[in-house]
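Have a look at data26.txt below; it lists compact mmCIF, C-alpha atoms.
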```txt
# COMPACT_ATOMS: atom_id res chain seq x y z
CA MET A 1 24.88 34.13 -33.32
CA ASN A 2 23.80 37.74 -33.31
CA PRO A 3 24.98 39.38 -30.04
CA ILE A 4 21.80 41.43 -29.68
CA VAL A 5 19.62 38.32 -29.89
CA LEU A 6 21.94 36.55 -27.45
CA TRP A 7 21.59 39.34 -24.88
CA ILE A 8 17.81 39.42 -25.28
CA VAL A 9 17.63 35.67 -24.69
CA ILE A 10 19.94 35.92 -21.67
CA VAL A 11 17.82 38.68 -20.13
CA LEU A 12 14.58 36.74 -20.73
CA LEU A 13 16.03 33.58 -19.20
CA ALA A 14 17.32 35.56 -16.20
CA LEU A 15 13.85 37.04 -15.68
CA ALA A 16 12.37 33.55 -15.91
CA ILE A 17 14.81 32.27 -13.30
CA ALA A 18 13.98 35.21 -11.00
CA GLY A 19 10.26 34.46 -11.27
CA ILE A 20 10.83 30.78 -10.65
CA MET A 21 12.95 31.47 -7.59
CA TYR A 22 10.20 33.72 -6.23
CA ARG A 23 7.67 30.91 -6.70
CA MET A 24 10.01 28.42 -5.02
CA ILE A 25 10.37 30.68 -1.98
CA LYS A 26 6.81 32.02 -1.73
CA GLY A 27 4.90 29.00 -3.05
CA ARG A 28 1.67 28.30 -1.17
CA SER A 29 2.10 24.55 -1.17
CA ILE A 30 4.79 21.97 -1.66
CA LEU A 31 3.31 21.18 -5.05
CA ASP A 32 3.92 24.80 -6.15
CA ARG A 33 7.54 24.52 -5.08
CA VAL A 34 8.07 21.18 -6.79
CA LEU A 35 6.52 22.48 -10.00
CA ALA A 36 8.76 25.55 -9.81
CA SER A 37 11.83 23.36 -9.41
CA ASP A 38 10.78 21.36 -12.47
CA VAL A 39 10.37 24.54 -14.50
CA LEU A 40 13.75 25.74 -13.18
CA LEU A 41 15.32 22.58 -14.52
CA SER A 42 13.78 23.31 -17.92
CA VAL A 43 15.09 26.88 -17.90
CA VAL A 44 18.56 25.67 -16.91
CA SER A 45 18.37 23.31 -19.88
CA ALA A 46 17.45 26.26 -22.09
CA VAL A 47 20.45 28.20 -20.74
CA LEU A 48 22.66 25.24 -21.61
CA VAL A 49 21.22 25.13 -25.14
CA VAL A 50 21.86 28.87 -25.60
CA TYR A 51 25.42 28.38 -24.39
CA MET A 52 25.96 25.53 -26.83
CA VAL A 53 24.50 27.52 -29.74
CA ALA A 54 26.49 30.65 -28.88
CA ASN A 55 29.77 28.71 -28.76
CA ASN A 56 28.90 26.44 -31.69
CA ASN A 57 29.63 23.19 -29.87
CA ARG A 58 27.85 20.06 -28.70
CA ASP A 59 30.06 19.15 -25.77
CA HIS A 60 27.30 19.35 -23.18
CA LEU A 61 24.64 17.40 -25.05
CA ILE A 62 24.81 14.47 -22.60
CA LEU A 63 24.30 16.85 -19.70
CA LEU A 64 21.25 18.28 -21.46
CA ILE A 65 19.79 14.80 -21.92
CA LEU A 66 20.44 13.95 -18.25
CA LEU A 67 18.75 17.18 -17.11
CA SER A 68 15.73 16.40 -19.25
CA LEU A 69 15.47 12.85 -17.93
CA THR A 70 15.85 14.03 -14.35
CA GLY A 71 13.05 16.55 -14.82
CA PHE A 72 10.78 13.98 -16.41
CA ILE A 73 11.35 11.34 -13.74
CA GLY A 74 10.89 13.93 -10.98
CA SER A 75 7.62 15.17 -12.46
CA VAL A 76 6.23 11.66 -12.84
CA THR A 77 7.24 10.75 -9.29
CA VAL A 78 5.61 13.82 -7.78
CA SER A 79 2.43 13.41 -9.80
CA ARG A 80 2.12 9.77 -8.71
CA PHE A 81 2.67 10.79 -5.09
CA VAL A 82 -0.01 13.50 -5.29
CA TYR A 83 -2.43 11.12 -7.05
CA ASP A 84 -1.89 8.39 -4.44
CA ARG A 85 -2.31 10.87 -1.61
CA ARG A 86 -5.57 12.24 -3.01
CA ALA A 87 -6.90 8.72 -3.60
CA LEU A 88 -6.09 7.84 0.01
CA GLU A 89 -7.85 10.99 1.28
CA ARG A 90 -10.90 10.15 -0.86
CA LEU A 91 -10.97 6.59 0.50
CA GLU A 92 -10.75 7.82 4.09
CA ALA A 93 -13.58 10.30 3.46
CA GLU A 94 -15.77 7.51 2.04
CA ARG A 95 -15.04 5.29 5.06
CA LYS A 96 -15.98 8.13 7.39
CA ILE A 97 -19.27 8.66 5.54
CA VAL A 98 -20.08 4.94 5.76
CA HIS A 99 -19.11 4.85 9.44
CA ASP A 100 -21.23 7.93 10.21
CA SER A 101 -24.25 6.50 8.38
CA LYS A 102 -23.98 3.25 10.36
CA ALA A 103 -23.72 5.20 13.62
CA ASP A 104 -26.91 7.12 12.77
CA THR A 105 -28.98 3.94 12.43
```
Rewritten as structure tokens:
Amino acid sequence: MNPIVLWIVIVLLALAIAGIMYRMIKGRSILDRVLASDVLLSVVSAVLVVYMVANNNRDHLILLILLSLTGFIGSVTVSRFVYDRRALERLEAERKIVHDSKADT
């Protein structure tokens, strides 16, 4: 692999990690932080791929697959949690509206 291209990729990935870490620390909500951790897992996977390409080996392919699966399962779990939470909030709001309308009559 061309060393100039390798250094450019390393710098870009380092900048991506710095931005992700900023979002994890300064995120406005827990969802921002969870999303940043998911993106961080993807960037770490990209770093692993660059390492494997630069050294011309496939020794860490299983680790790459496990990182990808972990990120996928984590994203699905968080999205289901957020969906369930919003559905519960919507249901409680509807019950309050019904209760308030019955109290008015």
A straight line from atom CA of A:Val49 to atom CA of A:Ser75 spans 21.1 Å
Let me have the centre and edge lengths of the axis-aligned box enclosing all listed atoms of stretch 55-68 of chain A with 8 Å padding on every side, in Å to one decimal, as lines of an AutoDock Vina configuration file.
```
center_x = 22.9
center_y = 21.3
center_z = -24.4
size_x = 30.3
size_y = 30.8
size_z = 30.6
```
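The residue that comes closest to A:Trp7, out of A:Asp38, A:Ala54, A:Ala46, A:Ile20 and on the basis of all atoms listed in the file, is A:Ala54.
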Expressed in Å, the length from atom CA of A:Val34 to atom CA of A:Val47 is 19.9 Å
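Put simply, atom CA of A:Met24 is 26.0 Å away from atom CA of A:Ala87.
You can rank A:Met1, A:Ile97, A:Ile25, A:Ile17 by their closest distance to A:Asn55 using only C-alpha atoms, and at the top of that list sits A:Met1.
Nearest to A:Leu6 of all the residues A:Glu89, A:Val53, A:Ile62, A:Lys96 is A:Val53, based on all atoms listed in the file.
You can rank A:Val76, A:Val9, A:Leu40, A:Met52 by their closest distance to A:Met21 using all atoms listed in the file, and at the top of that list sits A:Leu40.
Among A:Ser42, A:Leu31, A:Pro3, A:Gly19, the residue with the shortest atom-to-atom distance to A:Phe81, counting all atoms listed in the file, is A:Leu31.
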